>>> print(open('input27.txt').read())   # compact mmCIF, C-alpha atoms
# COMPACT_ATOMS: atom_id res chain seq x y z
CA MET Y 1 0.00 0.00 0.00
CA SER Y 2 1.39 3.39 -0.97
CA ALA Y 3 2.16 5.88 1.78
CA VAL Y 4 0.27 9.14 1.86
CA VAL Y 5 2.57 12.16 1.98
CA PRO Y 6 1.06 15.45 3.17
CA ILE Y 7 1.70 18.44 0.92
CA ARG Y 8 1.71 21.88 2.49
CA ILE Y 9 2.06 25.32 0.97
CA ALA Y 10 4.65 27.48 2.67
CA GLN Y 11 3.06 30.56 4.21
CA ALA Y 12 4.69 33.86 5.04
CA THR Y 13 4.80 34.85 8.70
CA GLU Y 14 6.02 37.87 10.60
CA THR Y 15 9.36 36.17 11.22
CA THR Y 16 9.61 34.19 7.96
CA PRO Y 17 8.74 36.18 4.85
CA LYS Y 18 7.57 34.50 1.67
CA VAL Y 19 10.51 33.61 -0.59
CA HIS Y 20 10.18 33.83 -4.38
CA TYR Y 21 12.52 31.91 -6.66
CA ARG Y 22 13.86 32.39 -10.18
CA LEU Y 23 15.29 29.55 -12.27
CA LEU Y 24 18.26 30.41 -14.46
CA GLU Y 25 18.79 28.44 -17.67
CA LEU Y 26 22.49 28.48 -18.52
CA SER Y 27 23.95 28.86 -22.01
CA PRO Y 28 26.35 26.01 -22.98
CA ASP Y 29 29.52 28.09 -22.46
CA LEU Y 30 28.32 29.41 -19.10
CA CYS Y 31 27.35 25.90 -17.97
CA LYS Y 32 30.80 24.60 -18.94
CA LEU Y 33 32.42 27.42 -17.00
CA ILE Y 34 30.44 26.61 -13.85
CA GLU Y 35 31.21 22.89 -14.12
CA THR Y 36 34.97 23.43 -14.48
CA PRO Y 37 36.45 22.62 -11.04
CA SER Y 38 39.53 24.82 -11.41
CA THR Y 39 37.56 27.94 -12.28
CA GLN Y 40 37.31 30.66 -9.62
CA LEU Y 41 33.85 31.69 -10.72
CA VAL Y 42 32.26 35.00 -9.82
CA LEU Y 43 28.85 35.90 -11.27
CA THR Y 44 27.65 39.48 -10.93
CA ILE Y 45 24.39 41.16 -11.89
CA LYS Y 46 25.18 44.74 -12.91
CA GLY Y 47 23.25 47.91 -13.59
CA LYS Y 48 21.14 50.55 -11.95
CA GLU Y 49 17.58 50.28 -10.74
CA GLY Y 50 15.35 50.30 -13.80
CA ASP Y 51 17.97 48.77 -16.13
CA ASP Y 52 17.40 45.48 -17.89
CA ALA Y 53 19.51 43.11 -15.82
CA VAL Y 54 22.72 41.62 -17.23
CA LEU Y 55 24.83 38.81 -15.81
CA CYS Y 56 28.62 39.17 -15.95
CA THR Y 57 31.42 36.65 -15.61
CA ALA Y 58 35.04 37.79 -15.46
CA ASN Y 59 35.16 38.30 -19.24
CA LYS Y 60 31.65 38.10 -20.76
CA THR Y 61 28.28 39.78 -20.47
CA TYR Y 62 24.95 37.99 -20.81
CA ALA Y 63 21.47 39.38 -21.25
CA LEU Y 64 18.85 37.93 -18.89
CA ARG Y 65 15.56 37.25 -20.66
CA SER Y 66 12.34 35.98 -19.13
CA VAL Y 67 10.78 33.03 -20.99
CA ASN Y 68 7.33 31.64 -20.14
CA ILE Y 69 7.05 27.88 -19.73
CA SER Y 70 3.94 25.85 -20.58
CA ASN Y 71 4.12 23.56 -17.53
CA SER Y 72 4.48 25.08 -14.10
CA LEU Y 73 7.32 23.93 -11.86
CA MET Y 74 7.17 23.56 -8.09
CA ILE Y 75 10.00 24.44 -5.72
CA VAL Y 76 9.60 22.02 -2.79
CA ASN Y 77 11.54 20.88 0.27
CA GLY Y 78 10.95 18.37 3.03
CA PRO Y 79 12.50 16.36 5.84
CA LYS Y 80 15.80 14.57 5.36
CA SER Y 81 14.54 11.09 6.29
CA ASN Y 82 11.80 8.92 4.80
CA GLU Y 83 10.41 8.26 8.28
CA ALA Y 84 9.73 11.94 8.85
CA LEU Y 85 8.31 12.37 5.35
CA ALA Y 86 5.02 10.64 6.19
CA ASN Y 87 4.50 12.85 9.23
CA ASP Y 88 5.84 16.21 8.13
CA GLY Y 89 5.22 15.96 4.41
CA ILE Y 90 6.73 18.33 1.86
CA PHE Y 91 6.36 22.06 1.52
CA ILE Y 92 5.67 23.89 -1.75
CA ASN Y 93 7.76 27.02 -1.45
CA ASP Y 94 7.00 28.59 -4.80
CA GLU Y 95 5.44 27.98 -8.19
CA ILE Y 96 7.47 28.84 -11.28
CA HIS Y 97 5.80 29.99 -14.53
CA GLU Y 98 8.89 31.37 -16.26
CA VAL Y 99 12.64 30.87 -16.39
CA MET Y 100 15.48 33.28 -17.04
CA GLU Y 101 17.73 32.44 -19.98
CA THR Y 102 21.25 33.79 -20.55
CA VAL Y 103 22.22 35.12 -23.98
CA PRO Y 104 25.72 36.44 -24.83
CA MET Y 105 25.62 40.14 -25.64
CA VAL Y 106 27.81 43.12 -26.44
CA PRO Y 107 28.56 45.06 -23.22
CA LYS Y 108 26.59 48.27 -22.63
CA LEU Y 109 29.21 51.02 -22.46
CA ASP Y 110 27.20 54.12 -23.38
CA ARG Y 111 26.84 55.08 -19.72
CA LEU Y 112 30.63 55.04 -19.28
CA TYR Y 113 31.12 57.54 -22.10
CA GLY Y 114 28.27 59.72 -20.82
CA VAL Y 115 29.62 59.91 -17.26
CA LEU Y 116 33.12 60.80 -18.44
CA ARG Y 117 32.04 63.41 -20.97
CA GLY Y 118 33.53 66.75 -19.89
CA SER Y 119 36.17 65.19 -17.60
CA GLU Y 120 38.96 64.96 -20.16
CA TYR Y 121 42.56 64.98 -18.99
CA GLY Y 122 44.07 68.47 -18.75
CA GLU Y 123 46.92 70.44 -17.24
CA ASP Y 124 44.88 71.17 -14.08
CA GLU Y 125 44.44 67.47 -13.34
CA GLU Y 126 45.83 67.48 -9.80
CA ASP Y 127 43.46 70.29 -8.75
CA ARG Y 128 40.41 68.36 -9.99
CA MET Y 129 41.03 65.11 -8.12
CA ASP Y 130 40.37 64.46 -4.45
CA GLU Y 131 41.30 61.06 -3.07
CA ASP Y 132 38.65 61.37 -0.34
CA ASP Y 133 35.83 61.99 -2.81
CA LEU Y 134 35.06 58.92 -4.91
CA GLY Y 135 32.85 60.69 -7.44
CA PRO Y 136 30.98 59.21 -10.41
CA ASP Y 137 34.20 59.30 -12.49
CA HIS Y 138 36.04 56.99 -10.09
CA SER Y 139 36.51 53.50 -11.49
CA ALA Y 140 35.39 51.84 -8.24
CA ASN Y 141 31.91 53.36 -8.73
CA LEU Y 142 31.73 52.84 -12.47
CA HIS Y 143 32.53 49.13 -12.20
CA GLN Y 144 29.24 48.68 -10.33
CA VAL Y 145 26.91 50.47 -12.75
CA ILE Y 146 28.46 49.83 -16.17
CA GLN Y 147 26.87 46.70 -17.64
CA ALA Y 148 30.05 44.95 -18.73
CA SER Y 149 32.37 42.29 -17.33
CA ASP Y 150 35.55 43.47 -15.62
CA GLU Y 151 37.65 42.38 -18.60
CA GLU Y 152 35.35 44.15 -21.07
CA PHE Y 153 35.36 47.25 -18.85
CA ASP Y 154 39.17 47.32 -18.72
CA HIS Y 155 39.32 46.73 -22.48
CA ALA Y 156 36.97 49.67 -23.07
CA ILE Y 157 39.14 51.90 -20.86
CA LYS Y 158 42.21 51.06 -22.95
CA THR Y 159 40.64 51.11 -26.41
CA ASN Y 160 38.93 54.44 -25.69
CA HIS Y 161 42.16 55.92 -24.32
CA ILE Y 162 40.95 56.65 -20.81
CA LEU Y 163 43.64 57.34 -18.24
CA GLU Y 164 43.33 55.99 -14.71
CA LEU Y 165 45.10 58.28 -12.24
CA ASN Y 166 45.49 57.78 -8.51
CA GLY Y 167 44.10 60.99 -6.99
CA LYS Y 168 46.51 63.78 -6.12
CA GLU Y 169 49.47 61.45 -6.56
CA SER Y 170 49.36 61.95 -10.32
CA SER Y 171 52.84 60.53 -10.67
CA THR Y 172 51.60 57.15 -9.41
CA ILE Y 173 51.25 54.64 -12.19
CA LEU Y 174 48.35 52.22 -11.95
CA THR Y 175 48.64 48.88 -13.66
CA SER Y 176 46.08 46.12 -14.08
CA THR Y 177 48.08 43.82 -11.81
CA GLU Y 178 47.96 46.20 -8.84
CA ASN Y 179 44.18 45.89 -8.41
CA GLN Y 180 43.84 49.58 -7.60
CA ALA Y 181 41.20 52.05 -8.63
CA GLY Y 182 41.61 55.63 -9.69
CA PHE Y 183 39.93 58.58 -11.36
CA LEU Y 184 39.15 58.08 -15.02
CA ARG Y 185 40.17 60.81 -17.46
CA PRO Y 186 39.66 60.45 -21.24
CA LEU Y 187 42.78 61.53 -23.12
CA PRO Y 188 41.68 63.92 -25.90
CA PRO Y 189 42.51 62.58 -29.41
CA LYS Y 190 44.70 65.57 -30.27
CA HIS Y 191 46.70 65.15 -27.06
CA LEU Y 192 47.05 61.39 -27.63
CA ASN Y 193 48.20 61.91 -31.21
CA ASN Y 194 50.86 64.39 -30.09
CA ILE Y 195 52.18 61.90 -27.52
CA LEU Y 196 52.40 59.11 -30.08
CA ILE Y 197 54.22 61.30 -32.60
CA LYS Y 198 56.65 62.28 -29.83
CA ILE Y 199 57.17 58.61 -28.96
CA PHE Y 200 58.11 57.85 -32.57
CA ASN Y 201 60.41 60.88 -32.66
CA SER Y 202 62.03 60.02 -29.29
CA ILE Y 203 62.83 56.48 -30.40
CA VAL Y 204 64.72 57.86 -33.41
CA ALA Y 205 66.28 60.90 -31.70
CA HIS Y 206 67.62 58.93 -28.71
CA GLY Y 207 68.72 55.93 -30.74
CA LEU Y 208 66.43 53.53 -28.89
CA PRO Y 209 66.01 50.03 -30.35
CA ARG Y 210 62.91 49.42 -32.40
CA SER Y 211 62.34 46.09 -30.67
CA GLY Y 212 62.46 45.76 -26.89
CA ILE Y 213 62.45 49.48 -26.12
CA PRO Y 214 63.76 50.33 -22.60
CA ILE Y 215 60.74 51.82 -20.80
CA LYS Y 216 62.77 53.90 -18.36
CA ASP Y 217 64.80 55.53 -21.15
CA LEU Y 218 61.69 56.30 -23.19
CA GLU Y 219 59.79 57.76 -20.21
CA GLU Y 220 62.79 59.91 -19.26
CA ALA Y 221 63.05 61.19 -22.84
CA LEU Y 222 59.35 62.08 -22.99
CA GLU Y 223 59.46 63.80 -19.61
CA SER Y 224 62.67 65.78 -20.20
CA ASP Y 225 62.02 66.71 -23.86
CA TYR Y 226 58.24 67.23 -23.82
CA GLU Y 227 57.19 67.43 -20.11
CA ILE Y 228 54.89 64.41 -20.42
CA PRO Y 229 54.24 62.94 -16.91
CA ARG Y 230 55.27 59.34 -16.49
CA SER Y 231 51.80 58.49 -15.14
CA VAL Y 232 50.49 59.40 -18.59
CA SER Y 233 53.29 58.09 -20.82
CA ARG Y 234 53.30 54.67 -19.08
CA GLN Y 235 49.61 54.11 -19.74
CA VAL Y 236 49.91 55.22 -23.36
CA ILE Y 237 52.82 52.80 -23.75
CA GLU Y 238 50.70 49.96 -22.34
CA TRP Y 239 47.84 50.81 -24.71
CA TYR Y 240 50.10 50.28 -27.71
CA GLY Y 241 52.12 47.21 -26.89
CA GLY Y 242 53.17 44.71 -24.26
CA VAL Y 243 55.50 45.16 -21.31
CA GLU Y 244 58.11 42.43 -20.80
CA GLY Y 245 60.10 43.21 -17.70
CA ASP Y 246 61.63 46.66 -18.25
CA LYS Y 247 61.15 46.53 -22.05
CA TRP Y 248 58.28 47.71 -24.23
CA VAL Y 249 57.33 45.62 -27.25
CA MET Y 250 55.46 48.18 -29.33
CA ASN Y 251 52.50 47.12 -31.45
CA GLU Y 252 53.68 49.21 -34.37
CA ASN Y 253 50.56 48.84 -36.51
CA LYS Y 254 48.30 49.86 -33.62
CA ALA Y 255 50.43 52.90 -32.74
CA LEU Y 256 50.76 53.93 -36.39
CA ARG Y 257 47.01 53.56 -36.83
CA GLN Y 258 46.26 55.93 -33.95
CA ALA Y 259 48.79 58.46 -35.20
CA GLY Y 260 47.16 58.28 -38.61
CA LEU Y 261 43.70 58.82 -37.13
CA GLY Y 262 44.90 61.95 -35.37
CA LEU Y 263 46.35 63.31 -38.59
CA LEU Y 264 43.22 62.48 -40.63
CA ARG Y 265 40.73 63.85 -38.09
CA PRO Y 266 40.95 67.49 -39.36
CA TYR Y 267 39.77 66.25 -42.77
CA ALA Y 268 36.27 65.19 -41.71
CA HIS Y 269 34.58 67.74 -43.98
CA THR Y 270 37.36 68.68 -46.39
CA PRO Y 271 38.65 65.76 -48.48
CA ILE Y 272 42.39 65.37 -49.02
CA LYS Y 273 44.13 63.42 -51.78
CA SER Y 274 44.95 59.97 -50.47
CA GLU Y 275 48.63 60.12 -51.51
CA GLN Y 276 49.03 63.57 -50.00
CA PHE Y 277 47.64 62.33 -46.70
CA LEU Y 278 49.90 59.26 -46.73
CA SER Y 279 52.90 61.55 -47.28
CA ILE Y 280 51.92 63.67 -44.22
CA TRP Y 281 51.51 60.51 -42.16
CA ARG Y 282 54.89 59.08 -43.18
CA ASP Y 283 56.69 62.35 -42.45
CA ALA Y 284 55.14 62.52 -38.97
CA VAL Y 285 56.27 59.04 -37.85
CA GLY Y 286 59.71 59.21 -39.47
CA ASP Y 287 61.61 57.12 -42.00
CA VAL Y 288 62.05 54.18 -39.60
CA PHE Y 289 58.30 53.45 -39.56
CA ALA Y 290 57.22 54.99 -42.88
CA ASP Y 291 57.23 51.71 -44.79
CA GLN Y 292 54.30 50.40 -42.69
CA VAL Y 293 51.98 53.34 -43.34
CA GLU Y 294 48.95 52.39 -45.47
CA LEU Y 295 45.26 53.32 -45.53
CA PRO Y 296 43.90 49.86 -44.55
CA LEU Y 297 45.39 50.47 -41.08
CA LEU Y 298 42.57 53.00 -40.59
CA ARG Y 299 39.76 50.52 -41.34
CA GLY Y 300 36.42 51.78 -40.02
CA ASN Y 301 37.67 55.37 -39.75
CA TYR Y 302 37.78 56.78 -43.27
CA LEU Y 303 35.80 57.07 -46.48
CA LEU Y 304 37.26 57.02 -49.97
CA HIS Y 305 35.74 59.27 -52.64
CA PRO Y 306 36.41 58.97 -56.37
CA GLY Y 307 38.28 61.79 -58.07
CA SER Y 308 36.59 64.23 -60.41
CA SER Y 309 37.83 62.23 -63.38
CA VAL Y 310 39.03 58.70 -64.08
CA ARG Y 311 42.66 59.83 -63.98
CA ASP Y 312 42.35 61.66 -60.65
CA GLU Y 313 43.36 59.81 -57.49
CA HIS Y 314 40.89 59.06 -54.73
CA MET Y 315 40.14 61.58 -52.01
CA VAL Y 316 39.86 60.55 -48.36
CA THR Y 317 37.89 61.95 -45.40
CA PHE Y 318 37.79 61.11 -41.72
CA PHE Y 319 34.66 59.13 -40.77
CA SER Y 320 34.91 57.06 -37.59
CA ARG Y 321 32.54 54.36 -36.38
CA ALA Y 322 33.61 55.27 -32.83
CA GLU Y 323 31.63 58.49 -33.22
CA LEU Y 324 28.47 56.74 -34.44
CA SER Y 325 25.64 55.48 -32.24
CA THR Y 326 25.90 52.05 -30.64
CA ASP Y 327 22.16 51.51 -31.20
CA PRO Y 328 21.88 49.38 -34.38
CA LEU Y 329 18.87 51.20 -35.90
CA THR Y 330 20.43 54.62 -35.30
CA ARG Y 331 23.79 53.40 -36.61
CA PHE Y 332 22.28 52.22 -39.91
CA ASN Y 333 20.32 55.46 -40.25
CA GLU Y 334 23.55 57.42 -39.81
CA LEU Y 335 25.33 55.28 -42.39
CA PHE Y 336 22.60 55.61 -45.01
CA LEU Y 337 22.36 59.36 -44.44
CA THR Y 338 26.08 59.49 -45.22
CA ARG Y 339 25.84 57.20 -48.26
CA GLN Y 340 22.74 55.82 -49.90
CA LYS Y 341 24.61 52.83 -51.32
CA TRP Y 342 27.42 50.90 -49.61
CA LEU Y 343 29.74 48.21 -50.88
CA GLU Y 344 29.57 45.13 -48.66
CA GLY Y 345 33.20 45.39 -47.50
CA ASP Y 346 32.83 49.08 -46.71
CA ILE Y 347 29.67 48.87 -44.60
CA ILE Y 348 30.88 45.84 -42.59
CA ALA Y 349 33.83 47.92 -41.37
CA PHE Y 350 31.32 50.29 -39.75
CA ILE Y 351 29.04 47.73 -38.05
CA GLU Y 352 31.36 44.92 -36.89
CA ASP Y 353 31.56 46.42 -33.40
CA LEU Y 354 27.78 45.99 -32.96
CA GLY Y 355 27.85 42.20 -32.97
CA VAL Y 356 29.49 39.43 -30.99
CA ASP Y 357 30.58 37.71 -34.22
CA LYS Y 358 30.10 37.72 -38.01
CA LYS Y 359 26.72 36.00 -37.70
CA ASP Y 360 25.47 38.93 -35.63
CA CYS Y 361 26.62 41.35 -38.34
CA ASP Y 362 24.87 39.29 -41.01
CA ARG Y 363 21.63 39.39 -38.99
CA LEU Y 364 21.89 43.17 -38.61
CA LEU Y 365 22.43 43.59 -42.36
CA LEU Y 366 19.43 41.37 -43.07
CA LYS Y 367 17.25 43.38 -40.67
CA PHE Y 368 18.27 46.95 -41.50
CA ALA Y 369 19.61 46.86 -45.09
CA ARG Y 370 18.66 45.56 -48.51
CA ARG Y 371 21.21 43.47 -50.43
CA SER Y 372 21.76 43.74 -54.18
CA ALA Y 373 24.47 42.91 -56.70
CA ASP Y 374 25.52 44.48 -59.98
CA ARG Y 375 26.49 42.68 -63.17
CA GLY Y 376 30.13 42.62 -62.13
CA GLY Y 377 29.29 40.66 -58.96
CA SER Y 378 29.87 43.51 -56.52
CA VAL Y 379 27.49 43.35 -53.53
CA TYR Y 380 25.83 46.55 -52.33
CA TYR Y 381 23.56 47.46 -49.43
CA THR Y 382 20.89 50.13 -49.37
CA SER Y 383 18.40 51.16 -46.67
CA ARG Y 384 15.23 49.17 -46.08
CA SER Y 385 12.20 51.42 -46.40
CA GLY Y 386 10.65 52.34 -43.08
CA HIS Y 387 13.88 52.28 -41.07
CA MET Y 388 15.00 55.78 -41.94
>>> encode(input="input27.txt", output="C-alpha cells")
Amino acid sequence: MSAVVPIRIAQATETTPKVHYRLLELSPDLCKLIETPSTQLVLTIKGKEGDDAVLCTANKTYALRSVNISNSLMIVNGPKSNEALANDGIFINDEIHEVMETVPMVPKLDRLYGVLRGSEYGEDEEDRMDEDDLGPDHSANLHQVIQASDEEFDHAIKTNHILELNGKESSTILTSTENQAGFLRPLPPKHLNNILIKIFNSIVAHGLPRSGIPIKDLEEALESDYEIPRSVSRQVIEWYGGVEGDKWVMNENKALRQAGLGLLRPYAHTPIKSEQFLSIWRDAVGDVFADQVELPLLRGNYLLHPGSSVRDEHMVTFFSRAELSTDPLTRFNELFLTRQKWLEGDIIAFIEDLGVDKKDCDRLLLKFARRSADRGGSVYYTSRSGHM
C-alpha cells in the first residue's frame, strides 16, 4: 500500500517572509564554466535600478531574458529522512511559470562615455582630483553600474584611451596587476596623437632600439624633452604594446594607426588626396616606420571618394565608427544618411563592433539593409524602407 505524503504550501509569517525563486537556464559556455572545477567563478548582476539586468562573468556579459514555460514547476523541500516524510510531508515554497535564460551580448558602455564626458585629462588634473571623494568618475563606482564584465570594462578603458590616475598622486602609475582604482580621465585625441608622434620621434632621436624598447629611457626622454608625466606616458605605452620586464614591445601597426587617425581627423569635412595624406603621415612618424603606413590600417575610420575624373586619385575623409551610435537602428540610419549605397566590404567595417561575431553582423544587415548585386558581382547594401 502506498504511503500518503502530506503536501503543504509554505506561508509567510512575521518572522519568515515569503521567498520567491527564479530559475536560471544556462547557455552552454556558461554551464561549462560553472562545471569546471579549477575555475574561480564570480557571477555578478550589474546595472542601476530600472535597467534590464545583465549577468557578468570575469570576461563576458549575458542578457537575462524571461521566458514563459507551458508547464508550471514547483519548488519544494521536506524532511531529510523517509520516516519523517510521512509525518511532516513536503512544503511547496514557490510555483514557477517562467525561467530566465542567458544570452551572450555586447557590453553596454554608453553610460561610461556619458559619465566621463567633460572630464577629459588636462593640465589642471591634480586640482580636480580628491582622493577622499570617490565621485561618479572613479573606477570603483563605475565598475558597479556599467553593464560589462571586468575584462570588457578594462578593455573599453584602454581602447577608448581613458587614463586611470590615482588621486593627487598623479605621478603614481596604476597597472592592471595592482588591483587599484583611480579617477578616469579620457585623453583627448589631439593630445594622444601628439604623444604618439613624440614617442616615434624620441625612439629615433635617442637611438632607442625598435624592438624591446627600454621603458625607463623612453619615459625619461618624454618627460625631459616634452614634459609628459610618467603616469600618462606609461599608460599610453601599455595601450600600444606589451611590457616584458623593463622593455616595451610596441604594437607598431596599432600605434601607427592611432597616429594616422589623429592626422586624418581634421579632414572630416574637407577631403584630401589619399597620396598627399599618406605623405603627411609618413613624415610625422619618421623614416624608420614609414614603410608600414597604409590606408587599410585605418579601417572603419575613413571614407574614400572617387576623383573628379578617371585619372584623378581618390580623395579621403575622416569618418569614424567610434563616433556613431551604438544603437543598431540609429547606426544604420547614420550610415545611409552618409551614403545611400554601400559596398559590402565598406559597410561591414562600420558595423562589426555591434555584434558578438560575423553572424550577428549578417543578422543586422538582413534586418536593416537591402542586399543587391551588380552585373560585375559587386554586392551593395541600401536602406530598407521604413527604417530611416
>>> residues_around(input="input27.txt", residues="His191 of chain Y", least_positions_apart="4", cutoff="10 Å", atoms="all atoms listed in the file", output="ChimeraX atom specification")
/Y:121-122,187,195-196,262
>>> residues_around(input="input27.txt", residues="Phe350 of chain Y", least_positions_apart="5", cutoff="8 Å", atoms="all atoms listed in the file", output="MDAnalysis selection string")
chainID Y and resid 300 320:321
>>> closest_residue(input="input27.txt", among="Y:Gly50, Y:Gly355, Y:Pro28, Y:Gly118", to="Pro188 of chain Y", atoms="all atoms listed in the file")
Y:Gly118
>>> closest_residue(input="input27.txt", among="Y:Ala148, Y:Leu163, Y:Met74, Y:Leu264", to="Cys56 of chain Y", atoms="all atoms listed in the file")
Y:Ala148
>>> residues_around(input="input27.txt", residues="Leu23 of chain Y", least_positions_apart="6", cutoff="8 Å", atoms="all atoms listed in the file", output="list in words")
Ile96, Glu98, Val99 and Met100 of chain Y
>>> closest_residue(input="input27.txt", among="Y:Ser119, Y:Ser279, Y:Thr61, Y:Ser231", to="Ile146 of chain Y", atoms="all atoms listed in the file")
Y:Thr61
>>> atom_distance(input="input27.txt", atom1="atom CA of Leu192 of chain Y", atom2="atom CA of Tyr240 of chain Y")
11.5 Å
>>> atom_distance(input="input27.txt", atom1="atom CA of Pro107 of chain Y", atom2="atom CA of Arg22 of chain Y")
23.4 Å
>>> residues_around(input="input27.txt", residues="Asp291 of chain Y", least_positions_apart="4", cutoff="12 Å", atoms="only C-alpha atoms", output="list in words")
Glu252, Asn253, Leu256, Leu278, Ser279, Trp281, Arg282, Asp283, Val285, Gly286 and Asp287 of chain Y
>>> residues_around(input="input27.txt", residues="Ile69 of chain Y", least_positions_apart="2", cutoff="7 Å", atoms="only C-alpha atoms", output="PyMOL selection string")
chain Y and resi 67+71-72+97-98
>>> closest_residue(input="input27.txt", among="Y:Pro328, Y:Pro229, Y:Pro266, Y:Pro214", to="Val243 of chain Y", atoms="only C-alpha atoms")
Y:Pro214
>>> atom_distance(input="input27.txt", atom1="atom CA of Asp353 of chain Y", atom2="atom CA of Leu26 of chain Y")
25.0 Å
>>> residues_near_point(input="input27.txt", point="(35.8, 34.0, -13.1)", cutoff="6 Å", atoms="all atoms listed in the file", output="list in words")
Gln40, Leu41, Val42, Thr57 and Ala58 of chain Y
>>> write_last_selection(input="input27.txt", atoms="C-alpha atoms", output="PDB file, in the coordinates of the input")
ATOM      1  CA  GLN Y  40      37.310  30.660  -9.620  1.00  0.00           C
ATOM      2  CA  LEU Y  41      33.850  31.690 -10.720  1.00  0.00           C
ATOM      3  CA  VAL Y  42      32.260  35.000  -9.820  1.00  0.00           C
ATOM      4  CA  THR Y  57      31.420  36.650 -15.610  1.00  0.00           C
ATOM      5  CA  ALA Y  58      35.040  37.790 -15.460  1.00  0.00           C
TER       6      ALA Y  58
END
>>> closest_residue(input="input27.txt", among="Y:Leu324, Y:Val115, Y:Leu343, Y:Ala221", to="Ala373 of chain Y", atoms="all atoms listed in the file")
Y:Leu343
>>> closest_residue(input="input27.txt", among="Y:Lys359, Y:Lys158, Y:Lys198, Y:His143", to="Glu227 of chain Y", atoms="only C-alpha atoms")
Y:Lys198
